[in-house]
Amino acid sequence: MTRTRALACAGAAAYLLVVGLLVGGAPRASGTVHGVGALLAVSLLAGLVRWAPLTALAVTLFGSTAVVAGRPSAAGDSLEASYQGQFLAFLAVDLVLGFIVATCARRASMVAVAVSAAVQLLVIGGFAHGDGVTVNVVIGLLALTASCMAGLLSRERREHAVALRAQEVAEAVTAERLRIARELHDMVAHSIGIIAIQAGVAGRVIQTQPTEAREALRAIEATSRETLSGLRRTLVSLRQADRAGTASQRSPLAPAPGLADVERLAAATEDAGVRVDVRRSGEQRAVPADIDLSAYRIVQEALTNVVRHAGTGHCRVAIDYGDEELSVEVLDDGRGGTAHGSPHGFGIIGMRERVGLLGGHLSTGPRPEGGFRVAARLPLPAPVGSLVDTR
């Protein structure tokens, strides 16, 4: 900061020195020469303009006024050269004024414009000759207006860019919050549903069938540990944005679930009392991670709804690897649409959001023959090489 101020002050001193040379060292040069000199000399104030623009404007007004007012009329100096000198000298002021309008507060900009206009009009009116007063005043006002308009356009573009950036950040935050909400809902709702059912089973048979109760408690323990692991993975992924944490401080995380884990999910659902028949068709292959996770979460949420709402002991999961899309379908023969589409839940909403983000299509609703159907179609990129080992 000290160096910046020093350079700005040095530039201001150099500018005043140049103005002094123009006025005192070349008094008989034409007005055009003086105007061009004043216009070029304003480049010395670049540092001061960025550091203290209002001060730079005051220095420029002083220098331009000195160039116009301090130069005696040269022999043979035409009115045209005199007018050009006045215009070019105050054009330097207009350049600084445009920067102030573009960057400073609106109140400060209005004061700067008013002061600059008043000084220019007074100087032009005092040193113009005859009919040239009106012309010079009009030209000066037009130049001042043009610089202010350029500054306003620059300000509006910058403010618009800032607003767009803020909107993008807000949309990104909202999208991330929705993603986290979907992950937590899909993960926790399924696990808590199974835990609740297993706890009920254990409570009913703990006196008469201790072996069954023990198995239910083991299932509760396993499901709880898996849920805690998933929650920990989600929370750690959120904290990874904090650069204060180093990689050595992070524990290794389990990979995100995918379609390869559907059989394990079916086994956990079967422990909750619903037998799941998993059928795969098509050329089974690796799919992108976002599609793999979304398809798994759709199956997980659909099975959660079957366990909690369908009132049936059987359902079917069909996974079809097509050439252009991955199809996932969950069918049950339970009570149908009485509870699956509850307006108070977020399961189907979350599924629709996942499918929509991937450009796919989701269909949910009761089946004509009874039960409920969840079907999702997710577009696939060009097939990737390696096959999934389903042994």
# chains A, B, ... in the order shown; residues from 1 in each chain; ligands from 1

call {"tool": "residues_around", "arguments": {"residues": "Thr65 of chain A", "least_positions_apart": "2", "cutoff": "10 Å", "atoms": "only C-alpha atoms", "output": "MDAnalysis selection string"}}
result
chainID A and resid 19 38 59:63 67:71 86 89:90 93 119:120 122:124

call {"tool": "write_last_selection", "arguments": {"atoms": "N, CA and C atoms", "output": "compact mmCIF listing (two decimals), in the first residue's frame"}}
result
# COMPACT_ATOMS: atom_id res chain seq x y z
N VAL A 19 2.50 20.16 -16.57
CA VAL A 19 1.61 21.32 -16.75
C VAL A 19 2.38 22.62 -16.61
N ALA A 38 -1.63 18.38 -22.37
CA ALA A 38 -2.42 18.14 -21.16
C ALA A 38 -3.13 16.80 -21.22
N VAL A 59 -6.84 17.32 -9.23
CA VAL A 59 -5.54 17.65 -9.83
C VAL A 59 -5.69 17.89 -11.33
N THR A 60 -6.50 17.05 -11.99
CA THR A 60 -6.69 17.21 -13.44
C THR A 60 -7.43 18.50 -13.77
N LEU A 61 -8.46 18.81 -12.97
CA LEU A 61 -9.16 20.09 -13.18
C LEU A 61 -8.21 21.28 -13.03
N PHE A 62 -7.37 21.21 -12.01
CA PHE A 62 -6.40 22.29 -11.81
C PHE A 62 -5.44 22.39 -12.99
N GLY A 63 -4.91 21.24 -13.43
CA GLY A 63 -3.94 21.26 -14.52
C GLY A 63 -4.55 21.73 -15.82
N VAL A 67 -3.64 25.12 -17.97
CA VAL A 67 -3.21 25.08 -19.37
C VAL A 67 -4.04 26.04 -20.21
N VAL A 68 -5.38 26.05 -19.96
CA VAL A 68 -6.26 26.90 -20.77
C VAL A 68 -6.12 28.37 -20.36
N ALA A 69 -6.10 28.63 -19.08
CA ALA A 69 -6.10 30.02 -18.61
C ALA A 69 -4.72 30.64 -18.55
N GLY A 70 -3.67 29.84 -18.34
CA GLY A 70 -2.34 30.40 -18.14
C GLY A 70 -1.58 30.64 -19.41
N ARG A 71 -2.12 30.19 -20.56
CA ARG A 71 -1.40 30.38 -21.81
C ARG A 71 -1.82 31.68 -22.46
N GLN A 86 -8.70 24.04 -25.79
CA GLN A 86 -9.62 23.95 -24.67
C GLN A 86 -10.31 22.58 -24.62
N ALA A 89 -7.73 19.80 -23.58
CA ALA A 89 -7.32 19.93 -22.18
C ALA A 89 -8.39 19.39 -21.25
N PHE A 90 -9.64 19.74 -21.50
CA PHE A 90 -10.72 19.27 -20.63
C PHE A 90 -11.18 17.85 -20.97
N VAL A 93 -9.92 15.77 -18.30
CA VAL A 93 -10.81 15.78 -17.13
C VAL A 93 -11.97 14.81 -17.34
N VAL A 119 -16.75 23.99 -13.45
CA VAL A 119 -15.41 24.53 -13.74
C VAL A 119 -15.21 24.65 -15.24
N GLN A 120 -15.59 23.64 -15.98
CA GLN A 120 -15.39 23.68 -17.43
C GLN A 120 -16.19 24.83 -18.07
N LEU A 122 -17.25 27.59 -16.67
CA LEU A 122 -16.69 28.89 -16.28
C LEU A 122 -15.42 29.19 -17.06
N VAL A 123 -14.54 28.21 -17.20
CA VAL A 123 -13.27 28.46 -17.90
C VAL A 123 -13.52 28.69 -19.38
N ILE A 124 -14.37 27.83 -19.98
CA ILE A 124 -14.65 28.00 -21.42
C ILE A 124 -15.34 29.34 -21.66

call {"tool": "residues_around", "arguments": {"residues": "segment 351-365 of chain A", "least_positions_apart": "2", "cutoff": "10 Å", "atoms": "only C-alpha atoms", "output": "number ranges by chain"}}
result
A: 178-179, 182, 186, 290-291, 293-295, 297-299, 301-302, 325-330, 336-338, 340-341, 346-349, 367-368, 371-380

call {"tool": "write_last_selection", "arguments": {"atoms": "C-alpha atoms", "output": "tab-separated table (two decimals), in the first residue's frame"}}
result
chain	number	residue	atom	x	y	z
A	178	LEU	CA	-31.10	-30.37	-2.47
A	179	ARG	CA	-28.46	-32.99	-3.29
A	182	ARG	CA	-31.82	-36.30	-1.26
A	186	ASP	CA	-32.68	-41.85	0.64
A	290	ASP	CA	-23.70	-40.15	-11.06
A	291	ILE	CA	-26.04	-42.45	-12.99
A	293	LEU	CA	-25.58	-43.72	-7.63
A	294	SER	CA	-28.91	-42.23	-8.77
A	295	ALA	CA	-30.19	-45.59	-10.01
A	297	ARG	CA	-30.93	-44.45	-4.71
A	298	ILE	CA	-34.11	-44.82	-6.79
A	299	VAL	CA	-34.20	-48.55	-6.08
A	301	GLU	CA	-36.26	-45.35	-2.03
A	302	ALA	CA	-38.74	-47.56	-3.91
A	325	GLU	CA	-30.48	-45.72	-21.54
A	326	LEU	CA	-30.52	-47.51	-18.24
A	327	SER	CA	-33.97	-48.62	-17.11
A	328	VAL	CA	-34.82	-49.32	-13.48
A	329	GLU	CA	-38.21	-50.67	-12.45
A	330	VAL	CA	-39.58	-51.65	-9.04
A	336	GLY	CA	-51.13	-49.52	-4.58
A	337	GLY	CA	-51.04	-45.72	-4.52
A	338	THR	CA	-52.57	-45.00	-1.12
A	340	HIS	CA	-46.54	-44.15	-2.08
A	341	GLY	CA	-47.50	-40.75	-3.40
A	346	PHE	CA	-40.05	-36.37	-0.11
A	347	GLY	CA	-39.22	-39.79	-1.56
A	348	ILE	CA	-40.84	-39.47	-4.96
A	349	ILE	CA	-39.89	-35.78	-5.10
A	367	ARG	CA	-50.72	-50.68	-11.37
A	368	PRO	CA	-54.05	-51.69	-12.96
A	371	GLY	CA	-49.70	-52.76	-6.45
A	372	PHE	CA	-47.38	-49.91	-7.28
A	373	ARG	CA	-44.81	-49.29	-10.00
A	374	VAL	CA	-41.72	-47.08	-10.05
A	375	ALA	CA	-39.91	-46.88	-13.39
A	376	ALA	CA	-36.95	-44.67	-14.27
A	377	ARG	CA	-35.16	-44.26	-17.58
A	378	LEU	CA	-31.70	-42.66	-17.40
A	379	PRO	CA	-29.85	-41.73	-20.62
A	380	LEU	CA	-26.46	-43.39	-21.03

call {"tool": "atom_distance", "arguments": {"atom1": "atom CA of Val96 of chain A", "atom2": "atom CA of Arg165 of chain A"}}
result
28.0 Å

call {"tool": "closest_residue", "arguments": {"among": "A:Arg106, A:Arg204, A:His309, A:Arg50", "to": "Thr4 of chain A", "atoms": "only C-alpha atoms"}}
result
A:Arg50

call {"tool": "residues_around", "arguments": {"residues": "Val205 of chain A", "least_positions_apart": "5", "cutoff": "12 Å", "atoms": "only C-alpha atoms", "output": "list of chain:residue names"}}
result
A:Gln198, A:Ala199, A:Gly200, A:Pro210, A:Thr211, A:Glu212, A:Ala213, A:Arg214, A:Glu215, A:Ala216, A:Leu217

call {"tool": "residues_around", "arguments": {"residues": "Tyr15 of chain A", "least_positions_apart": "4", "cutoff": "7 Å", "atoms": "only C-alpha atoms", "output": "PyMOL selection string"}}
result
chain A and resi 11+19+41-42+44-45

call {"tool": "residues_around", "arguments": {"residues": "Gly47 of chain A", "least_positions_apart": "2", "cutoff": "10 Å", "atoms": "only C-alpha atoms", "output": "PDB file with N, CA and C atoms, in the first residue's frame"}}
result
ATOM      1  N   THR A   4       2.201   1.850  -3.420  1.00  0.00           N
ATOM      2  CA  THR A   4       1.167   2.355  -4.321  1.00  0.00           C
ATOM      3  C   THR A   4       0.946   3.848  -4.117  1.00  0.00           C
ATOM      4  N   ARG A   5       0.886   4.262  -2.854  1.00  0.00           N
ATOM      5  CA  ARG A   5       0.711   5.681  -2.582  1.00  0.00           C
ATOM      6  C   ARG A   5       1.898   6.504  -3.077  1.00  0.00           C
ATOM      7  N   ALA A   6       3.088   5.967  -2.887  1.00  0.00           N
ATOM      8  CA  ALA A   6       4.279   6.683  -3.341  1.00  0.00           C
ATOM      9  C   ALA A   6       4.266   6.865  -4.849  1.00  0.00           C
ATOM     10  N   LEU A   7       3.899   5.806  -5.577  1.00  0.00           N
ATOM     11  CA  LEU A   7       3.835   5.908  -7.035  1.00  0.00           C
ATOM     12  C   LEU A   7       2.747   6.881  -7.469  1.00  0.00           C
ATOM     13  N   ALA A   8       1.600   6.866  -6.765  1.00  0.00           N
ATOM     14  CA  ALA A   8       0.527   7.797  -7.111  1.00  0.00           C
ATOM     15  C   ALA A   8       0.955   9.240  -6.888  1.00  0.00           C
ATOM     16  N   CYS A   9       1.624   9.494  -5.772  1.00  0.00           N
ATOM     17  CA  CYS A   9       2.099  10.867  -5.495  1.00  0.00           C
ATOM     18  C   CYS A   9       3.169  11.297  -6.486  1.00  0.00           C
ATOM     19  N   ALA A  10       4.053  10.364  -6.850  1.00  0.00           N
ATOM     20  CA  ALA A  10       5.083  10.683  -7.837  1.00  0.00           C
ATOM     21  C   ALA A  10       4.453  11.013  -9.188  1.00  0.00           C
ATOM     22  N   GLY A  11       3.397  10.258  -9.572  1.00  0.00           N
ATOM     23  CA  GLY A  11       2.715  10.552 -10.822  1.00  0.00           C
ATOM     24  C   GLY A  11       2.040  11.909 -10.804  1.00  0.00           C
ATOM     25  N   ALA A  12       1.412  12.256  -9.661  1.00  0.00           N
ATOM     26  CA  ALA A  12       0.772  13.576  -9.546  1.00  0.00           C
ATOM     27  C   ALA A  12       1.802  14.694  -9.647  1.00  0.00           C
ATOM     28  N   SER A  43      -2.007  10.618 -18.335  1.00  0.00           N
ATOM     29  CA  SER A  43      -1.597   9.215 -18.141  1.00  0.00           C
ATOM     30  C   SER A  43      -0.686   9.066 -16.927  1.00  0.00           C
ATOM     31  N   LEU A  44      -0.005  10.152 -16.539  1.00  0.00           N
ATOM     32  CA  LEU A  44       0.845  10.101 -15.353  1.00  0.00           C
ATOM     33  C   LEU A  44       0.028   9.945 -14.069  1.00  0.00           C
ATOM     34  N   LEU A  45      -1.267  10.221 -14.154  1.00  0.00           N
ATOM     35  CA  LEU A  45      -2.122  10.141 -12.973  1.00  0.00           C
ATOM     36  C   LEU A  45      -2.823   8.783 -12.845  1.00  0.00           C
ATOM     37  N   VAL A  49      -5.449   7.915  -9.972  1.00  0.00           N
ATOM     38  CA  VAL A  49      -6.845   7.675 -10.326  1.00  0.00           C
ATOM     39  C   VAL A  49      -7.360   6.399  -9.659  1.00  0.00           C
ATOM     40  N   ARG A  50      -6.536   5.346  -9.625  1.00  0.00           N
ATOM     41  CA  ARG A  50      -6.963   4.081  -9.015  1.00  0.00           C
ATOM     42  C   ARG A  50      -6.974   4.169  -7.497  1.00  0.00           C
ATOM     43  N   TRP A  51      -6.056   4.925  -6.929  1.00  0.00           N
ATOM     44  CA  TRP A  51      -5.951   4.991  -5.468  1.00  0.00           C
ATOM     45  C   TRP A  51      -6.916   6.025  -4.880  1.00  0.00           C
ATOM     46  N   ALA A  52      -6.965   7.219  -5.480  1.00  0.00           N
ATOM     47  CA  ALA A  52      -7.822   8.302  -4.975  1.00  0.00           C
ATOM     48  C   ALA A  52      -8.410   9.044  -6.173  1.00  0.00           C
ATOM     49  N   PRO A  53      -9.474   8.524  -6.782  1.00  0.00           N
ATOM     50  CA  PRO A  53      -9.998   9.114  -8.027  1.00  0.00           C
ATOM     51  C   PRO A  53     -10.494  10.547  -7.859  1.00  0.00           C
ATOM     52  N   ALA A  56      -7.557  12.734  -7.903  1.00  0.00           N
ATOM     53  CA  ALA A  56      -7.046  12.800  -9.275  1.00  0.00           C
ATOM     54  C   ALA A  56      -7.877  13.758 -10.113  1.00  0.00           C
TER      55      ALA A  56
END

call {"tool": "select_by_dssp", "arguments": {"residues": "segment 273-316 of chain A", "states": "strand (DSSP E)", "output": "tab-separated table (two decimals) with N, CA and C atoms, in the first residue's frame"}}
result
chain	number	residue	atom	x	y	z
A	275	ARG	N	-39.43	-59.94	0.43
A	275	ARG	CA	-38.52	-60.65	-0.47
A	275	ARG	C	-38.41	-59.88	-1.78
A	276	VAL	N	-37.19	-59.67	-2.23
A	276	VAL	CA	-36.92	-58.88	-3.42
A	276	VAL	C	-36.32	-59.78	-4.48
A	277	ASP	N	-36.95	-59.80	-5.64
A	277	ASP	CA	-36.46	-60.56	-6.79
A	277	ASP	C	-35.75	-59.58	-7.73
A	278	VAL	N	-34.43	-59.69	-7.84
A	278	VAL	CA	-33.63	-58.78	-8.67
A	278	VAL	C	-33.37	-59.44	-10.01
A	279	ARG	N	-33.72	-58.75	-11.08
A	279	ARG	CA	-33.50	-59.26	-12.44
A	279	ARG	C	-32.71	-58.21	-13.22
A	280	ARG	N	-31.66	-58.69	-13.86
A	280	ARG	CA	-30.84	-57.82	-14.70
A	280	ARG	C	-30.90	-58.32	-16.13
A	281	SER	N	-30.92	-57.38	-17.06
A	281	SER	CA	-30.96	-57.72	-18.48
A	281	SER	C	-30.10	-56.74	-19.25
A	282	GLY	N	-29.80	-57.12	-20.50
A	282	GLY	CA	-28.96	-56.26	-21.32
A	282	GLY	C	-27.49	-56.51	-21.06
A	314	HIS	N	-43.52	-59.26	-1.04
A	314	HIS	CA	-42.73	-59.56	-2.25
A	314	HIS	C	-42.75	-58.36	-3.18
A	315	CYS	N	-41.63	-58.15	-3.84
A	315	CYS	CA	-41.56	-57.14	-4.90
A	315	CYS	C	-40.46	-57.55	-5.88
A	316	ARG	N	-40.41	-56.88	-7.02
A	316	ARG	CA	-39.45	-57.22	-8.06
A	316	ARG	C	-38.70	-55.97	-8.51
